[in-house]
Amino acid sequence: MPINTACAIIIDNEKKILLVKRASDKKLFPNAWSFPGGKLEEWESLDEAVVREVKEATWLDLVSFEKYPFTGHTSQNTWSINHLYIGKTKWVLIQETEAKRYLYDEIKWLEIAFNQIEIIEKLHNDWML
């Protein structure tokens, strides 16, 4: 059975994308960078999950968001359905978080988790980055 995840693609006015660094103890992609997001709780909707996950990872509040076509990803025999949202926040990053904004050209030096580099490339090709 697939695991449902909700992630936010947050791009600022300077065309920088917000990424968070995954913890070193994560089973999949430790210390890699990814969109803020994670697994849905049993009781929550996709919309509730993306808001919660962004808040947990960055302390930012999503002020608006819309669905972006989702993608599937298989890693170590686990199939997940990654529900993506394009979102906007009020930009007040707390220094204690592992969240940073990157320009497209800076991302090539980072290890990106899951299939998210393909999504970043699509955003770049669609002139969003």
# chains A, B, ... in the order shown; residues from 1 in each chain; ligands from 1
>>> select_by_dssp(residues="range 33-78 of chain A", states="strand (DSSP E or B)", output="number ranges by chain")
A: 33-34, 37-39, 62-75, 78
>>> write_last_selection(atoms="N, CA and C atoms", output="PDB file, in the first residue's frame")
ATOM      1  N   TRP A  33      18.559  17.381   0.969  1.00  0.00           N
ATOM      2  CA  TRP A  33      17.633  18.512   0.964  1.00  0.00           C
ATOM      3  C   TRP A  33      16.346  18.114   0.258  1.00  0.00           C
ATOM      4  N   SER A  34      15.225  18.652   0.739  1.00  0.00           N
ATOM      5  CA  SER A  34      13.929  18.328   0.134  1.00  0.00           C
ATOM      6  C   SER A  34      12.941  19.464   0.357  1.00  0.00           C
ATOM      7  N   GLY A  37       7.785  18.834   3.962  1.00  0.00           N
ATOM      8  CA  GLY A  37       6.629  17.956   3.856  1.00  0.00           C
ATOM      9  C   GLY A  37       6.861  16.661   4.591  1.00  0.00           C
ATOM     10  N   GLY A  38       5.887  15.778   4.485  1.00  0.00           N
ATOM     11  CA  GLY A  38       6.007  14.486   5.139  1.00  0.00           C
ATOM     12  C   GLY A  38       4.718  13.688   5.042  1.00  0.00           C
ATOM     13  N   LYS A  39       4.667  12.626   5.822  1.00  0.00           N
ATOM     14  CA  LYS A  39       3.541  11.689   5.778  1.00  0.00           C
ATOM     15  C   LYS A  39       2.280  12.289   6.381  1.00  0.00           C
ATOM     16  N   LEU A  62       1.817  28.701   5.914  1.00  0.00           N
ATOM     17  CA  LEU A  62       1.386  28.839   4.525  1.00  0.00           C
ATOM     18  C   LEU A  62       0.217  29.815   4.497  1.00  0.00           C
ATOM     19  N   VAL A  63       0.320  30.857   3.689  1.00  0.00           N
ATOM     20  CA  VAL A  63      -0.779  31.814   3.607  1.00  0.00           C
ATOM     21  C   VAL A  63      -1.682  31.508   2.421  1.00  0.00           C
ATOM     22  N   SER A  64      -1.155  30.810   1.438  1.00  0.00           N
ATOM     23  CA  SER A  64      -1.972  30.332   0.321  1.00  0.00           C
ATOM     24  C   SER A  64      -1.237  29.176  -0.340  1.00  0.00           C
ATOM     25  N   PHE A  65      -2.003  28.291  -0.966  1.00  0.00           N
ATOM     26  CA  PHE A  65      -1.386  27.174  -1.674  1.00  0.00           C
ATOM     27  C   PHE A  65      -2.391  26.577  -2.633  1.00  0.00           C
ATOM     28  N   GLU A  66      -1.857  25.935  -3.662  1.00  0.00           N
ATOM     29  CA  GLU A  66      -2.702  25.250  -4.633  1.00  0.00           C
ATOM     30  C   GLU A  66      -2.029  23.960  -5.045  1.00  0.00           C
ATOM     31  N   LYS A  67      -2.825  23.007  -5.440  1.00  0.00           N
ATOM     32  CA  LYS A  67      -2.323  21.679  -5.817  1.00  0.00           C
ATOM     33  C   LYS A  67      -1.447  21.773  -7.061  1.00  0.00           C
ATOM     34  N   TYR A  68      -0.368  21.032  -7.055  1.00  0.00           N
ATOM     35  CA  TYR A  68       0.536  20.881  -8.184  1.00  0.00           C
ATOM     36  C   TYR A  68       0.489  19.398  -8.538  1.00  0.00           C
ATOM     37  N   PRO A  69       0.571  19.022  -9.817  1.00  0.00           N
ATOM     38  CA  PRO A  69       0.449  17.590 -10.159  1.00  0.00           C
ATOM     39  C   PRO A  69       1.386  16.718  -9.314  1.00  0.00           C
ATOM     40  N   PHE A  70       0.822  15.646  -8.764  1.00  0.00           N
ATOM     41  CA  PHE A  70       1.633  14.801  -7.890  1.00  0.00           C
ATOM     42  C   PHE A  70       2.443  13.788  -8.685  1.00  0.00           C
ATOM     43  N   THR A  71       3.458  13.269  -8.033  1.00  0.00           N
ATOM     44  CA  THR A  71       4.321  12.265  -8.634  1.00  0.00           C
ATOM     45  C   THR A  71       4.467  11.095  -7.683  1.00  0.00           C
ATOM     46  N   GLY A  72       4.707   9.931  -8.229  1.00  0.00           N
ATOM     47  CA  GLY A  72       4.992   8.760  -7.406  1.00  0.00           C
ATOM     48  C   GLY A  72       6.488   8.568  -7.296  1.00  0.00           C
ATOM     49  N   HIS A  73       6.901   7.912  -6.268  1.00  0.00           N
ATOM     50  CA  HIS A  73       8.325   7.676  -6.059  1.00  0.00           C
ATOM     51  C   HIS A  73       8.505   6.342  -5.351  1.00  0.00           C
ATOM     52  N   THR A  74       9.419   5.554  -5.831  1.00  0.00           N
ATOM     53  CA  THR A  74       9.755   4.292  -5.190  1.00  0.00           C
ATOM     54  C   THR A  74      11.182   4.374  -4.669  1.00  0.00           C
ATOM     55  N   SER A  75      11.367   3.985  -3.435  1.00  0.00           N
ATOM     56  CA  SER A  75      12.695   3.979  -2.841  1.00  0.00           C
ATOM     57  C   SER A  75      12.768   2.843  -1.836  1.00  0.00           C
ATOM     58  N   THR A  78       9.620   0.920  -1.167  1.00  0.00           N
ATOM     59  CA  THR A  78       8.502   1.670  -0.611  1.00  0.00           C
ATOM     60  C   THR A  78       7.955   2.575  -1.694  1.00  0.00           C
TER      61      THR A  78
END
>>> closest_residue(among="A:Leu46, A:Leu129, A:Leu84, A:Ile119", to="Ile11 in chain A", atoms="only C-alpha atoms")
A:Leu129
>>> select_by_dssp(residues="chain A", states="helix (DSSP H, G or I)", output="MDAnalysis selection string")
chainID A and resid 46:58 104:107 116:125
>>> atom_distance(atom1="CA of Glu98 in chain A", atom2="CA of Glu56 in chain A")
11.1 Å
>>> atom_distance(atom1="CA of Lys100 in chain A", atom2="CA of Ala6 in chain A")
19.0 Å
>>> atom_distance(atom1="CA of Leu60 in chain A", atom2="CA of Pro2 in chain A")
27.9 Å
>>> closest_residue(among="A:Phe29, A:Phe35, A:Trp109, A:Tyr102", to="Glu14 in chain A", atoms="only C-alpha atoms")
A:Tyr102
>>> residues_around(residues="Ala99 in chain A", least_positions_apart="3", cutoff="7 Å", atoms="only C-alpha atoms", output="VMD selection string")
chain A and resid 18 to 21 58
>>> closest_residue(among="A:Ala23, A:Cys7, A:Ala57, A:Ile17", to="Met128 in chain A", atoms="only C-alpha atoms")
A:Ile17
